[in-house]
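With compact mmCIF, C-alpha atoms and all ligand atoms inside, this is target-v4.txt:
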```
# COMPACT_ATOMS: atom_id res chain seq x y z
CA MET A 1 125.67 98.42 126.77
CA LYS A 2 123.63 95.39 125.81
CA THR A 3 120.65 97.55 124.82
CA LYS A 4 122.81 99.68 122.55
CA TYR A 5 124.08 96.54 120.82
CA LEU A 6 120.54 95.32 120.26
CA ILE A 7 119.46 98.66 118.79
CA ILE A 8 122.37 98.62 116.35
CA LEU A 9 121.57 95.03 115.41
CA GLY A 10 117.93 96.02 114.86
CA VAL A 11 118.88 98.88 112.54
CA VAL A 12 121.22 96.63 110.57
CA MET A 13 118.52 93.95 110.21
CA ALA A 14 115.88 96.49 109.16
CA THR A 15 118.18 97.96 106.51
CA PHE A 16 119.02 94.51 105.23
CA MET A 17 115.36 93.49 105.00
CA ALA A 18 114.32 96.75 103.36
CA SER A 19 116.94 96.19 100.68
CA CYS A 20 115.63 92.68 100.00
CA TYR A 21 111.87 93.08 99.75
CA PRO A 22 111.54 95.85 97.16
CA LYS A 23 113.90 93.91 94.89
CA ALA A 24 111.74 90.80 95.10
CA SER A 25 108.63 92.70 94.05
CA GLN A 26 110.26 94.75 91.31
CA VAL A 27 110.47 91.67 89.08
CA ILE A 28 106.74 91.08 89.47
CA ARG A 29 105.95 94.79 89.06
CA SER A 30 107.89 94.98 85.82
CA LEU A 31 106.03 92.09 84.15
CA PRO A 32 104.06 93.20 81.09
CA VAL A 33 100.26 93.11 80.99
CA GLU A 34 99.52 89.71 79.46
CA SER A 35 96.42 88.05 78.09
CA LYS A 36 95.14 84.55 78.89
CA ALA A 37 96.48 83.26 75.59
CA GLN A 38 99.94 84.72 76.21
CA ILE A 39 100.06 83.10 79.66
CA LYS A 40 98.88 79.71 78.39
CA ALA A 41 101.59 79.76 75.73
CA GLN A 42 104.29 80.19 78.39
CA TYR A 43 103.14 77.94 81.25
CA ASP A 44 102.20 74.26 81.06
CA GLN A 45 99.48 72.47 83.06
CA GLY A 46 101.95 71.36 85.74
CA GLN A 47 103.12 74.93 86.36
CA LEU A 48 99.55 76.23 86.50
CA ALA A 49 98.67 73.49 89.01
CA GLN A 50 101.68 74.54 91.10
CA GLY A 51 100.46 78.13 90.89
CA GLN A 52 97.05 77.02 92.16
CA GLN A 53 98.64 75.26 95.15
CA LEU A 54 100.70 78.34 95.99
CA PHE A 55 97.61 80.51 95.65
CA ILE A 56 95.58 78.30 98.02
CA SER A 57 98.33 78.11 100.64
CA ASN A 58 99.50 81.75 100.53
CA CYS A 59 96.65 84.02 99.51
CA ALA A 60 94.16 83.21 102.27
CA LYS A 61 96.29 84.44 105.16
CA CYS A 62 94.78 87.93 105.34
CA HIS A 63 91.43 87.48 103.57
CA LYS A 64 89.31 84.76 101.98
CA LEU A 65 90.59 83.36 98.69
CA LYS A 66 89.34 85.44 95.81
CA ASP A 67 87.84 83.47 92.94
CA PRO A 68 90.13 83.69 89.87
CA GLU A 69 86.96 84.14 87.81
CA SER A 70 86.04 87.24 89.77
CA LYS A 71 88.46 89.31 87.69
CA THR A 72 89.49 89.85 84.10
CA PRO A 73 93.11 89.16 83.05
CA GLU A 74 93.72 92.94 82.98
CA GLN A 75 92.52 93.26 86.57
CA TRP A 76 94.65 90.33 87.77
CA ASN A 77 97.68 91.79 86.03
CA LYS A 78 97.25 94.81 88.31
CA THR A 79 96.17 93.12 91.54
CA VAL A 80 98.98 90.56 91.69
CA LYS A 81 101.57 93.32 91.60
CA ARG A 82 100.24 94.49 94.94
CA MET A 83 99.41 91.10 96.49
CA ILE A 84 102.41 88.94 95.60
CA PRO A 85 104.83 91.12 97.60
CA ARG A 86 102.35 91.02 100.50
CA ALA A 87 102.29 87.23 100.40
CA LYS A 88 106.13 87.31 100.47
CA LEU A 89 106.40 84.84 97.62
CA SER A 90 109.63 84.49 95.65
CA ASP A 91 109.66 85.83 92.09
CA GLU A 92 109.31 82.31 90.69
CA GLN A 93 106.42 81.44 93.00
CA GLY A 94 104.80 84.79 92.27
CA LYS A 95 104.97 84.21 88.53
CA LEU A 96 103.26 80.83 88.92
CA VAL A 97 100.44 82.25 91.06
CA ARG A 98 100.02 85.09 88.57
CA ALA A 99 99.93 82.64 85.65
CA TYR A 100 97.29 80.49 87.38
CA LEU A 101 95.08 83.49 88.14
CA ILE A 102 95.28 85.00 84.65
CA ALA A 103 94.79 81.62 82.95
CA ASN A 104 91.57 81.11 84.98
CA ALA A 105 90.26 84.66 84.86
CA LYS A 106 86.87 85.71 83.43
C1 LIG B 201 99.65 90.32 104.18
C2 LIG B 201 98.20 90.18 103.91
C3 LIG B 201 97.76 89.80 102.52
C4 LIG B 201 98.16 88.71 101.77
C5 LIG B 201 99.18 87.64 102.13
C6 LIG B 201 97.40 88.78 100.52
N1 LIG B 201 96.55 89.83 100.54
FE1 LIG B 201 95.16 90.30 99.12
N2 LIG B 201 94.54 91.90 100.23
C7 LIG B 201 95.08 92.28 101.46
C8 LIG B 201 94.38 93.48 101.92
C9 LIG B 201 94.67 94.21 103.23
C10 LIG B 201 93.42 93.80 100.93
C11 LIG B 201 92.41 94.97 100.91
C12 LIG B 201 93.09 96.30 100.67
C13 LIG B 201 93.68 96.42 99.31
O1 LIG B 201 93.00 96.20 98.30
O2 LIG B 201 94.88 96.74 99.23
C14 LIG B 201 93.53 92.79 99.88
C15 LIG B 201 92.77 92.74 98.75
C16 LIG B 201 92.85 91.78 97.76
C17 LIG B 201 92.00 91.75 96.59
C18 LIG B 201 90.88 92.73 96.25
C19 LIG B 201 91.42 94.07 95.85
C20 LIG B 201 91.94 94.11 94.43
O3 LIG B 201 92.90 94.86 94.14
O4 LIG B 201 91.40 93.41 93.57
C21 LIG B 201 92.39 90.66 95.84
C22 LIG B 201 91.81 90.19 94.54
C23 LIG B 201 93.50 90.03 96.56
N3 LIG B 201 93.72 90.72 97.73
C24 LIG B 201 94.19 88.92 96.11
C25 LIG B 201 95.28 88.35 96.77
C26 LIG B 201 96.11 87.29 96.23
C27 LIG B 201 95.94 86.63 94.88
C28 LIG B 201 97.06 86.99 97.18
C29 LIG B 201 98.18 85.97 97.07
C30 LIG B 201 99.23 86.25 96.10
C31 LIG B 201 96.83 87.88 98.31
N4 LIG B 201 95.76 88.69 98.02
C32 LIG B 201 97.56 87.87 99.49
C33 LIG B 201 96.06 91.63 102.15
C34 LIG B 201 96.73 90.49 101.74
```
Transcribe the structure of this file into structure tokens.
Ligand code: HEC
Amino acid sequence: MKTKYLIILGVVMATFMASCYPKASQVIRSLPVESKAQIKAQYDQGQLAQGQQLFISNCAKCHKLKDPESKTPEQWNKTVKRMIPRAKLSDEQGKLVRAYLIANAK
């Protein structure tokens, strides 16, 4: 009986989590392709510094930190849509990391 209860609990948890994660990344996925200038007009130095901190503490878990200058803004626009959900950042945190990377791109 106990096992059955745990299986049901597992299914409920999995369904709940599956309904949360795609939502979190949809906001990031729907962001328009933006240039450096567009980003700099929307985010101030403090926000970009916060983005850098989030980048350093969350983007080196699976691989080495990639240099922001290794990509063009267009490339970062694409890459972050895949990586921010992987890093399990909130939409707000994800936007800051994205802004930092695009602002410091090639
Ligand atoms: C859960 C593990 C994980 C986390 C966290 C993660 N990455 Fe990745 N990343 C990967 C894997 C696996 C690859 C190689 C396969 C691929 O490209 O999908 C990769 C590849 C990359 C690449 C090279 C490929 C490309 O599309 O340019 C860049 C750049 C990158 N990651 C940036 C980031 C940034 C920025 C963050 C933080 C927001 C981040 N990653 C967080 C797993 C992760």
Hey, could you make a per-residue contact list for chain A against ligand LIG 201 (chain B) with 6 Å as the cut-off, showing the nearest pair of atoms and its distance in Å to one decimal, counting only C-alpha atoms and all ligand atoms, sorted by chain and number, as CSV?
```
residue,atom,partner,partner_atom,distance
A:Phe55,CA,B:LIG201,C29,5.7
A:Asn58,CA,B:LIG201,C29,5.6
A:Cys59,CA,B:LIG201,C29,3.5
A:Lys61,CA,B:LIG201,C5,5.3
A:Cys62,CA,B:LIG201,C2,4.3
A:Lys66,CA,B:LIG201,C22,5.5
A:Thr79,CA,B:LIG201,O3,4.5
A:Val80,CA,B:LIG201,C27,5.9
A:Met83,CA,B:LIG201,C31,4.5
A:Ile84,CA,B:LIG201,C30,4.2
A:Arg86,CA,B:LIG201,C1,4.6
A:Ala87,CA,B:LIG201,C5,3.6
```
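One finds CA of Lys88 (chain A) at 28.7 Å from CA of Tyr5 (chain A).
Between CA of Asp91 (chain A) and CA of Gln26 (chain A) the separation is 9.0 Å.
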request  = Point out the residue among A:Ala49, A:Ile56, A:Val33, A:Ala41 with the least atom-to-atom distance to Thr72 (chain A), counting all atoms listed in the file.
outcome  = A:Val33
query = Can you tell me how far CA of Gly46 (chain A) sits from CA of Ala99 (chain A), in Å to one decimal?
reply = 11.5 Å
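Ranking A:Ser30, A:Gln93, A:Gln45, A:Gln75 by their shortest atom-to-atom distance to Ala105 (chain A), with only C-alpha atoms included, puts A:Gln75 first.
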task = Return the single residue from A:Arg82, A:Pro73, A:Asp67, A:Gly94 that is closest to Ile39 (chain A), with distances computed using only C-alpha atoms.
result = A:Pro73
key: Selection near Gln38 (chain A), 12 Å with all atoms listed in the file, sequence-local residues under 4 positions removed, as a ChimeraX atom specification   = /A:32-34,42-44,73,99,102-103
Put those residues in a file: C-alpha atoms, as a compact mmCIF listing (two decimals), keeping the file's coordinate frame.
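This is the output file part-v2.txt:
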```txt
# COMPACT_ATOMS: atom_id res chain seq x y z
CA PRO A 32 104.06 93.20 81.09
CA VAL A 33 100.26 93.11 80.99
CA GLU A 34 99.52 89.71 79.46
CA GLN A 42 104.29 80.19 78.39
CA TYR A 43 103.14 77.94 81.25
CA ASP A 44 102.20 74.26 81.06
CA PRO A 73 93.11 89.16 83.05
CA ALA A 99 99.93 82.64 85.65
CA ILE A 102 95.28 85.00 84.65
CA ALA A 103 94.79 81.62 82.95
```
query = Which polymer residues have any atom within 9 Å of an atom of Leu48 (chain A), counting only C-alpha atoms, with same-chain residues fewer than 6 positions away left out, as a ChimeraX atom specification?
reply = /A:40,96-97,99-101,103
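Proximity to Pro68 (chain A) was assessed for A:Gly51, A:Lys4, A:Leu31, A:Glu92 counting all atoms listed in the file; the smallest distance is recorded for A:Gly51.
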N, CA, C and O atoms are needed for region 37-55 of chain A; please write them out as a JSON list (two decimals), in the coordinates of the input.
```json
[["chain", "number", "residue", "atom", "x", "y", "z"],
["A", 37, "ALA", "N", 95.80, 84.03, 76.63],
["A", 37, "ALA", "CA", 96.48, 83.26, 75.59],
["A", 37, "ALA", "C", 98.00, 83.36, 75.74],
["A", 37, "ALA", "O", 98.71, 82.36, 75.58],
["A", 38, "GLN", "N", 98.49, 84.54, 76.04],
["A", 38, "GLN", "CA", 99.94, 84.72, 76.21],
["A", 38, "GLN", "C", 100.45, 83.90, 77.39],
["A", 38, "GLN", "O", 101.52, 83.30, 77.34],
["A", 39, "ILE", "N", 99.67, 83.88, 78.48],
["A", 39, "ILE", "CA", 100.06, 83.10, 79.66],
["A", 39, "ILE", "C", 100.07, 81.61, 79.33],
["A", 39, "ILE", "O", 101.01, 80.89, 79.64],
["A", 40, "LYS", "N", 98.99, 81.15, 78.68],
["A", 40, "LYS", "CA", 98.88, 79.71, 78.39],
["A", 40, "LYS", "C", 99.97, 79.23, 77.44],
["A", 40, "LYS", "O", 100.31, 78.05, 77.44],
["A", 41, "ALA", "N", 100.51, 80.15, 76.64],
["A", 41, "ALA", "CA", 101.59, 79.76, 75.73],
["A", 41, "ALA", "C", 102.92, 79.60, 76.48],
["A", 41, "ALA", "O", 103.83, 78.94, 76.01],
["A", 42, "GLN", "N", 103.02, 80.22, 77.65],
["A", 42, "GLN", "CA", 104.29, 80.19, 78.39],
["A", 42, "GLN", "C", 104.34, 79.19, 79.53],
["A", 42, "GLN", "O", 105.41, 78.80, 79.98],
["A", 43, "TYR", "N", 103.16, 78.82, 80.08],
["A", 43, "TYR", "CA", 103.14, 77.94, 81.25],
["A", 43, "TYR", "C", 102.36, 76.67, 80.92],
["A", 43, "TYR", "O", 101.29, 76.74, 80.33],
["A", 44, "ASP", "N", 102.92, 75.51, 81.32],
["A", 44, "ASP", "CA", 102.20, 74.26, 81.06],
["A", 44, "ASP", "C", 101.25, 73.93, 82.22],
["A", 44, "ASP", "O", 101.23, 74.63, 83.24],
["A", 45, "GLN", "N", 100.48, 72.85, 82.05],
["A", 45, "GLN", "CA", 99.48, 72.47, 83.06],
["A", 45, "GLN", "C", 100.10, 72.25, 84.44],
["A", 45, "GLN", "O", 99.53, 72.64, 85.44],
["A", 46, "GLY", "N", 101.28, 71.63, 84.46],
["A", 46, "GLY", "CA", 101.95, 71.36, 85.74],
["A", 46, "GLY", "C", 102.28, 72.65, 86.47],
["A", 46, "GLY", "O", 102.08, 72.75, 87.68],
["A", 47, "GLN", "N", 102.77, 73.64, 85.73],
["A", 47, "GLN", "CA", 103.12, 74.93, 86.36],
["A", 47, "GLN", "C", 101.87, 75.66, 86.86],
["A", 47, "GLN", "O", 101.88, 76.26, 87.93],
["A", 48, "LEU", "N", 100.78, 75.57, 86.07],
["A", 48, "LEU", "CA", 99.55, 76.23, 86.50],
["A", 48, "LEU", "C", 98.98, 75.55, 87.75],
["A", 48, "LEU", "O", 98.47, 76.22, 88.65],
["A", 49, "ALA", "N", 99.14, 74.21, 87.82],
["A", 49, "ALA", "CA", 98.67, 73.49, 89.01],
["A", 49, "ALA", "C", 99.50, 73.88, 90.23],
["A", 49, "ALA", "O", 98.98, 74.05, 91.34],
["A", 50, "GLN", "N", 100.80, 74.08, 90.01],
["A", 50, "GLN", "CA", 101.68, 74.54, 91.10],
["A", 50, "GLN", "C", 101.24, 75.94, 91.56],
["A", 50, "GLN", "O", 101.22, 76.23, 92.75],
["A", 51, "GLY", "N", 100.93, 76.77, 90.59],
["A", 51, "GLY", "CA", 100.46, 78.13, 90.89],
["A", 51, "GLY", "C", 99.19, 78.09, 91.73],
["A", 51, "GLY", "O", 99.03, 78.87, 92.67],
["A", 52, "GLN", "N", 98.30, 77.15, 91.40],
["A", 52, "GLN", "CA", 97.05, 77.02, 92.16],
["A", 52, "GLN", "C", 97.35, 76.64, 93.61],
["A", 52, "GLN", "O", 96.77, 77.21, 94.53],
["A", 53, "GLN", "N", 98.27, 75.68, 93.80],
["A", 53, "GLN", "CA", 98.64, 75.26, 95.15],
["A", 53, "GLN", "C", 99.20, 76.43, 95.95],
["A", 53, "GLN", "O", 98.85, 76.63, 97.11],
["A", 54, "LEU", "N", 100.09, 77.19, 95.32],
["A", 54, "LEU", "CA", 100.70, 78.34, 95.99],
["A", 54, "LEU", "C", 99.64, 79.37, 96.35],
["A", 54, "LEU", "O", 99.67, 79.98, 97.42],
["A", 55, "PHE", "N", 98.71, 79.57, 95.44],
["A", 55, "PHE", "CA", 97.61, 80.51, 95.65],
["A", 55, "PHE", "C", 96.79, 80.09, 96.88],
["A", 55, "PHE", "O", 96.58, 80.88, 97.79]]
```
